[in-house]
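Peer 1: Next up is a structure, given as structure tokens.
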Amino acid sequence: MTDSLKVVSYFGVFSFLILAVIFSCAMPDGSPEEGYRVDLEVRGVSDSTLVLGFYYKNKTYAKDTAQADAGGNFIFQGEKSLKHGFYFVMLNNRILFQIVMGQDQFFSITCDRKDYVGTIQVEGSLENELFFDGLKRNVKLYKEASPFLSILKDSTHEKLVRLNAQRRVESARKKMRKYRDSLANQHPKLIISRFIRASQNISPPDTDSEGKRLNTDQRYNYLKRHYFDHIDLSDPLMLRLPEDLLERRVEEYLDKLSPPQADSIIHSIEYISGLSKDEPEMLNHLIWIFTRKYQEPEFMGLDKVMVHLHDNYYATGKMDSWANETMKKHIKKHADQVRKSLIGEVAPNLVLQDIQLKPAALYGLKNTYRVVYLYDPDCGGCKRETPRLLDFYQNTHFDVGIYAVSVDSSMQKMRDYVQEVGMQDWVNVCGARSYGQNLFETYDAARTPTLLVLNQKHEIIAKKIPSDKIEVFLENYEKIHLKKE
């Protein structure tokens with residue numbers, strides 16, 4: 001393997017990974033302009049077929065194929081110009097090298113199979129000349145730094161030797177950063193320059209305009225304001241890069257700079273979406289990132305985010321150019337299910353039949369706190385969770401009542417389960433036997449076990465919380481609640 005294949009490209013991604021390619025896709029990748037033609041001469045390759053592929057949303061797709069002539073010459077061409085972005089040339093499911101398709105889409109490349117990047121020559125495309133020049137510089141600097149990288153990996157070397165090696169490695173990195181920055185400044189509109197900028201991290205300054213050192217809150221607020229300064233969320237090019245910088249940036253902003261509270265996340269979503277300037281392709285992808293992330297949220301209470309996404313994007317038609325009817329129906333069903341029992345909302349009353357075949361109302365519990373426990377006698381997770389809830393109930397110092405709802409229609413199964421586990425002190429009811437509203441039309445009861453904690457006002461204060469976390473939750477809840485009072 002040549003050195004060029006060992007090196008991370010100066011854009012911060014591995015340029016020569018073996019990636020699986022999907023050979024059929026329905027997305028548009030051309031516009032009615034002048035077309036494209038790329039002439040390749042790959043010395044040492046004959047009787048072969050090359051694939052020209054492109055990146056889209058962190059996946060790879062095939063665009064064109066070319067068969068070699070006797071001299072190892074290939075031609076990729078088409079009547080429609082290609083979407084701007086990074087493309088790759090692949091042989092036998094192995095990416096040989098990447099190219100850039102920008103304003104110049106008629107150019108030629110010659111190289112040698114023994115060292116594609118090291119021998120590559122470009123005519124007719126300034127952007128690709130600069131791109132490969134950067135890769136060659138990176139290979140050279142890597143060779144210079146390689147002996148010192150080996151020293152740093154070996155802890156047996158003396159401290160001074162390691163310090164010198166660290167300085168040499170950092171010197172090589174600075175040279176590459178200087179070259180990158182110079183390229184981006186001299187050619188700001190080029191694809192590689194926009195990629196370079198998008199790859200740059202935001203770092204808050206040490207001091208403010210008056211020379212005062214920034215504290216933690218000021219540094220945090222600076223990052224919040226400037227986090228997307230280097231990446232243009234209205235530029236569809238961000239979807240056609242070898243690395244999904246867009247999704248990584250968005251995820252980091254939501255995870256590290258947005259408190260895990262529904263209203264804060266929704267505010268961040270609206271801020272990020274606004275940066276797309278309603279460019280359809282970018283807005284659609286951003287909303288899909290949010291949808292994937294919050295369809296099954298990591299933190300309690302964030303299911304409100306999914307309701308917001310549905311009501312403000314899918315239900316309003318903003319996603320119609322991308323989301324089909326089946327997807328929209330699925331998202332609507334999910335949003336309508338979780339909106340029935342959002343944290344902060346008043347829990348609807350339930351009047352269900354108990355073991356004595358009498359009506360028992362949720363609102364009939366007069367405890368300070370009430371736990372609505374939705375379970376299935378045959379559910380494996382419920383068989384693990386129920387004893388934990390029982391342990392909490394028997395040992396908590398809080399005044400808690402349990403309204404246990406079996407979602408199975410069998411009254412006998414419920415009776416047997418109550419007897420087996422020892423739930424006799426709870427209000428045990430059958431979810432299928434209602435004197436009023438249907439359980440599944442009223443509550444997010446699609447999965448078991450599910451626990452909801454209510455206060456005296458019947459407000460939902462916790463949802464889908466593990467039984468062994470309820471005690472600590474109530475302690476924290478009362479600290480906050482008593483402070484407010």
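FYI, nothing fancy with the structure tokens labels: chains A, B, ... in order, residues from 1 per chain, ligands from 1 as they appear.
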Pull the strand (DSSP E or B) assignments for region 48-148 of chain A out of DSSP run on the backbone, and list those residues as a ChimeraX atom specification.

Peer 2: /A:49-56,59-67,73-78,81-82,85-91,94-101,106-112,115,121-123

Peer 1: Residues of the last selection are to be written out with N, CA and C atoms, as a compact mmCIF listing (two decimals), in the first residue's frame.

Peer 2:
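Result went into selection-v3.txt, see below:
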# COMPACT_ATOMS: atom_id res chain seq x y z
N THR A 49 -13.36 -2.00 -15.66
CA THR A 49 -14.43 -1.01 -15.63
C THR A 49 -14.29 -0.16 -14.38
N LEU A 50 -14.30 1.14 -14.57
CA LEU A 50 -14.27 2.06 -13.44
C LEU A 50 -15.67 2.61 -13.19
N VAL A 51 -15.93 2.91 -11.94
CA VAL A 51 -17.21 3.51 -11.54
C VAL A 51 -16.96 4.92 -11.04
N LEU A 52 -17.76 5.86 -11.52
CA LEU A 52 -17.76 7.21 -10.99
C LEU A 52 -18.94 7.32 -10.02
N GLY A 53 -18.65 7.60 -8.78
CA GLY A 53 -19.71 7.67 -7.77
C GLY A 53 -19.70 8.99 -7.04
N PHE A 54 -20.74 9.22 -6.27
CA PHE A 54 -20.83 10.47 -5.51
C PHE A 54 -21.33 10.20 -4.09
N TYR A 55 -21.09 11.18 -3.24
CA TYR A 55 -21.52 11.11 -1.85
C TYR A 55 -22.83 11.88 -1.70
N TYR A 56 -23.72 11.33 -0.89
CA TYR A 56 -24.96 12.05 -0.59
C TYR A 56 -25.45 11.61 0.78
N LYS A 59 -23.71 8.65 2.42
CA LYS A 59 -23.76 7.38 1.71
C LYS A 59 -23.14 7.57 0.34
N THR A 60 -22.84 6.46 -0.33
CA THR A 60 -22.22 6.54 -1.65
C THR A 60 -23.15 5.93 -2.69
N TYR A 61 -23.14 6.53 -3.87
CA TYR A 61 -23.99 6.10 -4.97
C TYR A 61 -23.19 6.11 -6.27
N ALA A 62 -23.55 5.21 -7.18
CA ALA A 62 -22.91 5.17 -8.49
C ALA A 62 -23.59 6.14 -9.44
N LYS A 63 -22.80 6.81 -10.25
CA LYS A 63 -23.34 7.74 -11.23
C LYS A 63 -23.07 7.28 -12.66
N ASP A 64 -21.86 6.77 -12.92
CA ASP A 64 -21.48 6.47 -14.29
C ASP A 64 -20.45 5.34 -14.26
N THR A 65 -20.29 4.66 -15.39
CA THR A 65 -19.25 3.64 -15.54
C THR A 65 -18.49 3.90 -16.83
N ALA A 66 -17.25 3.44 -16.87
CA ALA A 66 -16.42 3.60 -18.07
C ALA A 66 -15.55 2.36 -18.24
N GLN A 67 -15.49 1.87 -19.47
CA GLN A 67 -14.70 0.69 -19.80
C GLN A 67 -13.36 1.13 -20.37
N ASN A 73 -7.35 3.87 -21.00
CA ASN A 73 -8.03 5.16 -21.01
C ASN A 73 -9.52 4.97 -20.74
N PHE A 74 -10.07 5.86 -19.94
CA PHE A 74 -11.48 5.80 -19.56
C PHE A 74 -12.12 7.16 -19.83
N ILE A 75 -13.40 7.15 -20.14
CA ILE A 75 -14.14 8.40 -20.33
C ILE A 75 -15.47 8.32 -19.60
N PHE A 76 -15.68 9.26 -18.66
CA PHE A 76 -16.99 9.45 -18.05
C PHE A 76 -17.60 10.69 -18.69
N GLN A 77 -18.82 10.56 -19.20
CA GLN A 77 -19.44 11.73 -19.80
C GLN A 77 -20.95 11.62 -19.76
N GLY A 78 -21.58 12.80 -19.76
CA GLY A 78 -23.03 12.86 -19.76
C GLY A 78 -23.51 14.19 -20.28
N SER A 81 -24.90 18.44 -16.52
CA SER A 81 -23.85 18.71 -15.55
C SER A 81 -24.17 18.03 -14.23
N LEU A 82 -23.12 17.63 -13.54
CA LEU A 82 -23.30 16.95 -12.26
C LEU A 82 -23.47 17.96 -11.13
N GLY A 85 -19.91 18.78 -5.86
CA GLY A 85 -19.58 18.01 -4.67
C GLY A 85 -18.38 17.12 -4.90
N PHE A 86 -18.12 16.25 -3.93
CA PHE A 86 -17.03 15.29 -4.03
C PHE A 86 -17.52 14.01 -4.69
N TYR A 87 -16.73 13.52 -5.64
CA TYR A 87 -17.02 12.26 -6.33
C TYR A 87 -15.82 11.34 -6.12
N PHE A 88 -15.97 10.10 -6.50
CA PHE A 88 -14.87 9.15 -6.36
C PHE A 88 -14.81 8.23 -7.57
N VAL A 89 -13.61 7.74 -7.84
CA VAL A 89 -13.38 6.76 -8.91
C VAL A 89 -13.08 5.44 -8.23
N MET A 90 -13.80 4.39 -8.65
CA MET A 90 -13.71 3.11 -7.94
C MET A 90 -13.43 1.98 -8.93
N LEU A 91 -12.59 1.05 -8.49
CA LEU A 91 -12.26 -0.14 -9.27
C LEU A 91 -12.44 -1.36 -8.36
N ARG A 94 -13.31 -0.81 -4.76
CA ARG A 94 -12.30 -0.11 -3.98
C ARG A 94 -12.12 1.30 -4.55
N ILE A 95 -12.25 2.28 -3.68
CA ILE A 95 -12.09 3.67 -4.11
C ILE A 95 -10.61 3.95 -4.37
N LEU A 96 -10.32 4.40 -5.60
CA LEU A 96 -8.94 4.71 -5.97
C LEU A 96 -8.56 6.12 -5.54
N PHE A 97 -9.43 7.08 -5.85
CA PHE A 97 -9.19 8.46 -5.45
C PHE A 97 -10.48 9.23 -5.60
N GLN A 98 -10.48 10.41 -4.99
CA GLN A 98 -11.63 11.31 -5.09
C GLN A 98 -11.33 12.42 -6.08
N ILE A 99 -12.39 12.99 -6.63
CA ILE A 99 -12.26 14.19 -7.46
C ILE A 99 -13.35 15.16 -7.05
N VAL A 100 -13.20 16.39 -7.49
CA VAL A 100 -14.17 17.43 -7.16
C VAL A 100 -14.88 17.86 -8.44
N MET A 101 -16.20 17.90 -8.39
CA MET A 101 -16.98 18.38 -9.53
C MET A 101 -17.59 19.72 -9.16
N PHE A 106 -15.23 19.56 -17.40
CA PHE A 106 -14.57 18.96 -18.56
C PHE A 106 -13.06 19.02 -18.29
N PHE A 107 -12.48 17.91 -17.88
CA PHE A 107 -11.06 17.91 -17.55
C PHE A 107 -10.52 16.49 -17.72
N SER A 108 -9.20 16.39 -17.62
CA SER A 108 -8.55 15.09 -17.79
C SER A 108 -7.61 14.83 -16.62
N ILE A 109 -7.42 13.53 -16.34
CA ILE A 109 -6.55 13.10 -15.26
C ILE A 109 -5.69 11.96 -15.76
N THR A 110 -4.40 12.02 -15.44
CA THR A 110 -3.51 10.89 -15.70
C THR A 110 -2.84 10.51 -14.39
N CYS A 111 -2.66 9.20 -14.19
CA CYS A 111 -2.00 8.73 -12.97
C CYS A 111 -1.51 7.31 -13.18
N ASP A 112 -0.79 6.81 -12.19
CA ASP A 112 -0.24 5.47 -12.27
C ASP A 112 -0.87 4.60 -11.18
N ASP A 115 0.71 4.34 -7.63
CA ASP A 115 0.60 5.46 -6.69
C ASP A 115 -0.33 6.50 -7.30
N GLN A 121 -1.90 13.84 -12.38
CA GLN A 121 -1.77 15.11 -13.09
C GLN A 121 -3.15 15.49 -13.61
N VAL A 122 -3.52 16.78 -13.46
CA VAL A 122 -4.84 17.25 -13.86
C VAL A 122 -4.70 18.36 -14.88
N GLU A 123 -5.54 18.34 -15.89
CA GLU A 123 -5.61 19.42 -16.86
C GLU A 123 -7.06 19.84 -17.03

Peer 1: Could you name the residues that touch Gln337 (chain A) at 10 Å or less, counting only C-alpha atoms, but leaving out those on the same chain fewer than 2 positions away, as an NGL selection string?

Peer 2: :A and (307 or 331-335 or 339-342 or 440-446)

Peer 1: Next, dump the selected residues to file, keeping only N, CA, C and O atoms, as a PDB file, in the first residue's frame.

Peer 2:
ATOM      1  N   VAL A 307     -43.781  15.783  18.699  1.00  0.00           N
ATOM      2  CA  VAL A 307     -45.082  16.415  18.437  1.00  0.00           C
ATOM      3  C   VAL A 307     -44.877  17.744  17.723  1.00  0.00           C
ATOM      4  O   VAL A 307     -45.575  18.071  16.761  1.00  0.00           O
ATOM      5  N   ILE A 331     -45.541   9.078  11.050  1.00  0.00           N
ATOM      6  CA  ILE A 331     -45.102  10.116  11.979  1.00  0.00           C
ATOM      7  C   ILE A 331     -46.299  10.729  12.700  1.00  0.00           C
ATOM      8  O   ILE A 331     -46.239  11.012  13.906  1.00  0.00           O
ATOM      9  N   LYS A 332     -47.400  10.913  11.985  1.00  0.00           N
ATOM     10  CA  LYS A 332     -48.619  11.449  12.624  1.00  0.00           C
ATOM     11  C   LYS A 332     -49.136  10.492  13.703  1.00  0.00           C
ATOM     12  O   LYS A 332     -49.494  10.918  14.807  1.00  0.00           O
ATOM     13  N   LYS A 333     -49.141   9.214  13.382  1.00  0.00           N
ATOM     14  CA  LYS A 333     -49.614   8.229  14.361  1.00  0.00           C
ATOM     15  C   LYS A 333     -48.763   8.264  15.617  1.00  0.00           C
ATOM     16  O   LYS A 333     -49.285   8.226  16.742  1.00  0.00           O
ATOM     17  N   HIS A 334     -47.451   8.337  15.425  1.00  0.00           N
ATOM     18  CA  HIS A 334     -46.545   8.363  16.572  1.00  0.00           C
ATOM     19  C   HIS A 334     -46.730   9.646  17.382  1.00  0.00           C
ATOM     20  O   HIS A 334     -46.812   9.615  18.619  1.00  0.00           O
ATOM     21  N   ALA A 335     -46.816  10.785  16.700  1.00  0.00           N
ATOM     22  CA  ALA A 335     -46.978  12.064  17.397  1.00  0.00           C
ATOM     23  C   ALA A 335     -48.299  12.120  18.147  1.00  0.00           C
ATOM     24  O   ALA A 335     -48.355  12.596  19.293  1.00  0.00           O
ATOM     25  N   ARG A 339     -48.568  12.576  22.252  1.00  0.00           N
ATOM     26  CA  ARG A 339     -49.126  13.844  22.721  1.00  0.00           C
ATOM     27  C   ARG A 339     -50.198  13.623  23.793  1.00  0.00           C
ATOM     28  O   ARG A 339     -50.568  14.547  24.506  1.00  0.00           O
ATOM     29  N   LYS A 340     -50.683  12.380  23.916  1.00  0.00           N
ATOM     30  CA  LYS A 340     -51.756  12.094  24.875  1.00  0.00           C
ATOM     31  C   LYS A 340     -51.277  12.150  26.322  1.00  0.00           C
ATOM     32  O   LYS A 340     -52.105  12.268  27.229  1.00  0.00           O
ATOM     33  N   SER A 341     -49.984  12.014  26.525  1.00  0.00           N
ATOM     34  CA  SER A 341     -49.496  11.993  27.907  1.00  0.00           C
ATOM     35  C   SER A 341     -48.130  12.665  27.999  1.00  0.00           C
ATOM     36  O   SER A 341     -47.143  12.058  28.405  1.00  0.00           O
ATOM     37  N   LEU A 342     -48.091  13.925  27.609  1.00  0.00           N
ATOM     38  CA  LEU A 342     -46.849  14.687  27.673  1.00  0.00           C
ATOM     39  C   LEU A 342     -46.611  15.200  29.088  1.00  0.00           C
ATOM     40  O   LEU A 342     -47.554  15.517  29.824  1.00  0.00           O
ATOM     41  N   PHE A 440     -56.129   3.233  25.179  1.00  0.00           N
ATOM     42  CA  PHE A 440     -55.170   3.468  24.097  1.00  0.00           C
ATOM     43  C   PHE A 440     -55.477   4.746  23.317  1.00  0.00           C
ATOM     44  O   PHE A 440     -54.622   5.242  22.598  1.00  0.00           O
ATOM     45  N   GLU A 441     -56.677   5.256  23.447  1.00  0.00           N
ATOM     46  CA  GLU A 441     -57.010   6.528  22.812  1.00  0.00           C
ATOM     47  C   GLU A 441     -56.695   7.705  23.718  1.00  0.00           C
ATOM     48  O   GLU A 441     -56.778   8.856  23.315  1.00  0.00           O
ATOM     49  N   THR A 442     -56.344   7.395  24.954  1.00  0.00           N
ATOM     50  CA  THR A 442     -56.144   8.440  25.959  1.00  0.00           C
ATOM     51  C   THR A 442     -54.693   8.569  26.394  1.00  0.00           C
ATOM     52  O   THR A 442     -54.217   9.666  26.685  1.00  0.00           O
ATOM     53  N   TYR A 443     -53.982   7.433  26.413  1.00  0.00           N
ATOM     54  CA  TYR A 443     -52.610   7.399  26.915  1.00  0.00           C
ATOM     55  C   TYR A 443     -51.661   6.798  25.879  1.00  0.00           C
ATOM     56  O   TYR A 443     -52.075   6.011  25.024  1.00  0.00           O
ATOM     57  N   ASP A 444     -50.391   7.179  26.003  1.00  0.00           N
ATOM     58  CA  ASP A 444     -49.328   6.571  25.206  1.00  0.00           C
ATOM     59  C   ASP A 444     -49.007   5.223  25.844  1.00  0.00           C
ATOM     60  O   ASP A 444     -48.097   5.099  26.661  1.00  0.00           O
ATOM     61  N   ALA A 445     -49.791   4.222  25.462  1.00  0.00           N
ATOM     62  CA  ALA A 445     -49.700   2.906  26.100  1.00  0.00           C
ATOM     63  C   ALA A 445     -49.282   1.825  25.118  1.00  0.00           C
ATOM     64  O   ALA A 445     -49.577   0.647  25.298  1.00  0.00           O
ATOM     65  N   ALA A 446     -48.576   2.248  24.065  1.00  0.00           N
ATOM     66  CA  ALA A 446     -48.217   1.287  23.020  1.00  0.00           C
ATOM     67  C   ALA A 446     -47.162   0.300  23.493  1.00  0.00           C
ATOM     68  O   ALA A 446     -47.068  -0.810  22.969  1.00  0.00           O
TER      69      ALA A 446
END

Peer 1: Which of these, A:Leu237, A:Lys114, A:His226, A:His310, has the shortest distance to Lys329 (chain A) once you count only C-alpha atoms?

Peer 2: A:His310

Peer 1: Can you tell me, as a list in words, what residues are no more than 7 Å from region 198-203 of chain A when counting only C-alpha atoms, ignoring any on the same chain fewer than 4 positions away?

Peer 2: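 Result of the neighbour search: Arg194, Tyr227, His230, Ile231 and Leu245 of chain A.
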
Peer 1: Could you list, as a tab-separated table (two decimals) with C-alpha atoms, in the first residue's frame, every residue within 12 Å of Ile265 (chain A), counting only C-alpha atoms and ignoring same-chain residues fewer than 4 positions away?

Peer 2:
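File produced: selection_29.tsv:
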chain	number	residue	atom	x	y	z
A	250	VAL	CA	-26.14	19.47	14.43
A	251	GLU	CA	-25.86	16.51	16.81
A	253	TYR	CA	-25.14	21.43	19.09
A	254	LEU	CA	-28.20	19.57	20.36
A	255	ASP	CA	-26.27	17.29	22.71
A	256	LYS	CA	-23.69	19.71	24.12
A	257	LEU	CA	-25.16	23.20	23.79
A	258	SER	CA	-28.87	22.56	24.35
A	259	PRO	CA	-30.20	21.58	27.79
A	260	PRO	CA	-32.09	18.24	27.61
A	261	GLN	CA	-35.46	19.91	28.10
A	269	ILE	CA	-34.39	23.10	16.35
A	270	GLU	CA	-36.09	26.29	15.21
A	271	TYR	CA	-32.78	28.17	15.31
A	272	ILE	CA	-30.96	25.50	13.27
A	290	PHE	CA	-34.30	15.82	14.22
A	293	LYS	CA	-33.02	11.71	16.96
A	294	TYR	CA	-36.23	12.40	18.86
A	297	PRO	CA	-35.65	10.31	22.75
A	299	PHE	CA	-34.14	11.80	27.92
A	301	GLY	CA	-39.91	14.55	28.45
A	302	LEU	CA	-38.40	15.03	25.00
A	303	ASP	CA	-41.26	13.27	23.23
A	304	LYS	CA	-42.80	16.73	23.04
A	305	VAL	CA	-40.16	17.47	20.40
A	306	MET	CA	-41.65	14.85	18.09
A	308	HIS	CA	-43.58	19.79	17.53
A	309	LEU	CA	-41.87	18.37	14.44

Peer 1: Go ahead and compute the interatomic distance for CA of Tyr220 (chain A) and CA of Ser234 (chain A), in Å to one decimal.

Peer 2: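 Taking CA of Tyr220 (chain A) as the start and CA of Ser234 (chain A) as the end point, the length is 24.3 Å.
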
Peer 1: Could you check how far CA of Asp376 (chain A) sits from CA of Met411 (chain A), in Å to one decimal?

Peer 2: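 Calculated distance between CA of Asp376 (chain A) and CA of Met411 (chain A) is 11.6 Å.
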
Peer 1: Using Å and a single decimal, report how far CA of Gly44 (chain A) sits from CA of Leu241 (chain A).

Peer 2: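 Going from CA of Leu241 (chain A) over to CA of Gly44 (chain A), I get 29.0 Å.
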
Peer 1: Just want the 7 Å neighbourhood of Thr450 (chain A), counted on only C-alpha atoms, with same-chain residues fewer than 3 positions away dropped. Output as JSON, numbers by chain.

Peer 2: {"A": [373, 374, 375, 447, 464]}

Peer 1: Name all residues at most 12 Å from region 157-170 of chain A (count only C-alpha atoms; drop same-chain ones fewer than 5 positions away) and give them as an MDAnalysis selection string.

Peer 2: chainID A and resid 141:152 175:177

Peer 1: Taking 5 positions as the minimum chain separation for residues in the same chain, which residues sit within 9 Å of Thr368 (chain A) when counting only C-alpha atoms? Answer as a list in words.

Peer 2: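 Residues near the query, excluding close chain neighbours: Phe398, Asp399, Val400, Gly401, Leu454, Asn455 and Gln456 of chain A.
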
Peer 1: Going by DSSP on the backbone, which residues of region 154-194 of chain A come out as helix (DSSP H, G or I)? List them as a compact mmCIF listing (two decimals) with N, CA and C atoms, in the first residue's frame.

Peer 2:
# COMPACT_ATOMS: atom_id res chain seq x y z
N LYS A 159 11.86 11.77 28.27
CA LYS A 159 10.94 12.90 28.21
C LYS A 159 11.36 13.93 27.16
N LEU A 160 12.66 14.28 27.11
CA LEU A 160 13.12 15.28 26.16
C LEU A 160 12.95 14.80 24.72
N VAL A 161 13.18 13.52 24.50
CA VAL A 161 12.99 12.96 23.16
C VAL A 161 11.52 13.05 22.75
N ARG A 162 10.64 12.73 23.69
CA ARG A 162 9.20 12.79 23.39
C ARG A 162 8.74 14.23 23.17
N LEU A 163 9.28 15.16 23.95
CA LEU A 163 8.91 16.57 23.77
C LEU A 163 9.35 17.08 22.41
N ASN A 164 10.54 16.70 21.99
CA ASN A 164 11.02 17.10 20.65
C ASN A 164 10.15 16.50 19.56
N ALA A 165 9.79 15.23 19.74
CA ALA A 165 8.91 14.57 18.76
C ALA A 165 7.56 15.27 18.70
N GLN A 166 7.05 15.66 19.85
CA GLN A 166 5.76 16.35 19.88
C GLN A 166 5.83 17.68 19.14
N ARG A 167 6.95 18.40 19.32
CA ARG A 167 7.12 19.67 18.62
C ARG A 167 7.19 19.46 17.11
N ARG A 168 7.88 18.42 16.69
CA ARG A 168 8.02 18.16 15.25
C ARG A 168 6.66 17.79 14.62
N VAL A 169 5.90 17.01 15.33
CA VAL A 169 4.57 16.63 14.83
C VAL A 169 3.66 17.85 14.76
N GLU A 170 3.69 18.67 15.79
CA GLU A 170 2.85 19.86 15.81
C GLU A 170 3.28 20.83 14.71
N SER A 171 4.58 20.89 14.41
CA SER A 171 5.06 21.75 13.34
C SER A 171 4.48 21.32 12.00
N ALA A 172 4.43 20.02 11.76
CA ALA A 172 3.85 19.51 10.51
C ALA A 172 2.36 19.84 10.44
N ARG A 173 1.68 19.71 11.57
CA ARG A 173 0.25 20.03 11.59
C ARG A 173 0.02 21.52 11.31
N LYS A 174 0.85 22.36 11.88
CA LYS A 174 0.70 23.80 11.65
C LYS A 174 0.91 24.15 10.18
N LYS A 175 1.88 23.50 9.55
CA LYS A 175 2.12 23.75 8.12
C LYS A 175 0.88 23.40 7.30
N MET A 176 0.26 22.27 7.65
CA MET A 176 -0.91 21.86 6.89
C MET A 176 -2.09 22.79 7.15
N ARG A 177 -2.25 23.22 8.40
CA ARG A 177 -3.33 24.16 8.71
C ARG A 177 -3.11 25.49 7.99
N LYS A 178 -1.85 25.93 7.95
CA LYS A 178 -1.54 27.19 7.26
C LYS A 178 -1.88 27.09 5.78
N TYR A 179 -1.53 25.95 5.18
CA TYR A 179 -1.83 25.78 3.76
C TYR A 179 -3.35 25.75 3.53
N ARG A 180 -4.06 25.02 4.38
CA ARG A 180 -5.52 24.94 4.27
C ARG A 180 -6.15 26.32 4.35
N ASP A 181 -5.74 27.07 5.38
CA ASP A 181 -6.32 28.40 5.59
C ASP A 181 -6.02 29.32 4.42
N SER A 182 -4.78 29.24 3.90
CA SER A 182 -4.40 30.07 2.76
C SER A 182 -5.24 29.74 1.54
N LEU A 183 -5.45 28.44 1.31
CA LEU A 183 -6.25 28.02 0.17
C LEU A 183 -7.68 28.52 0.29
N ALA A 184 -8.27 28.37 1.48
CA ALA A 184 -9.65 28.81 1.68
C ALA A 184 -9.81 30.31 1.53
N ASN A 185 -8.81 31.06 1.96
CA ASN A 185 -8.87 32.52 1.84
C ASN A 185 -8.69 33.00 0.41
N GLN A 186 -7.80 32.34 -0.33
CA GLN A 186 -7.53 32.76 -1.71
C GLN A 186 -8.63 32.35 -2.67
N ILE A 191 -15.28 24.48 -3.89
CA ILE A 191 -15.86 23.44 -3.05
C ILE A 191 -14.90 23.02 -1.96
N ILE A 192 -13.63 22.86 -2.30
CA ILE A 192 -12.67 22.43 -1.28
C ILE A 192 -12.52 23.48 -0.19
N SER A 193 -12.66 24.76 -0.54
CA SER A 193 -12.56 25.82 0.47
C SER A 193 -13.77 25.78 1.40
N ARG A 194 -14.94 25.55 0.83
CA ARG A 194 -16.14 25.47 1.68
C ARG A 194 -16.08 24.25 2.58

Peer 1: Here is a test: counting only C-alpha atoms, which residue of A:Gln218, A:Ser273, A:Leu126, A:Gly436 is nearest to His187 (chain A)?

Peer 2: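 The shortest atom-to-atom distance to His187 (chain A) comes from A:Leu126.
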
Peer 1: Considering only C-alpha atoms, can you say which of A:Asp425, A:Asp47, A:Glu41, A:Asp278 comes closest to Ile120 (chain A)?

Peer 2: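 Among A:Asp425, A:Asp47, A:Glu41, A:Asp278, it is A:Glu41 that comes nearest to Ile120 (chain A).
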
Peer 1: Given only C-alpha atoms as the basis, pick out the residue of A:His458, A:His397, A:Ser434, A:Ser48 nearest to Leu350 (chain A).

Peer 2: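 The answer is A:Ser434, which sits nearest to Leu350 (chain A).
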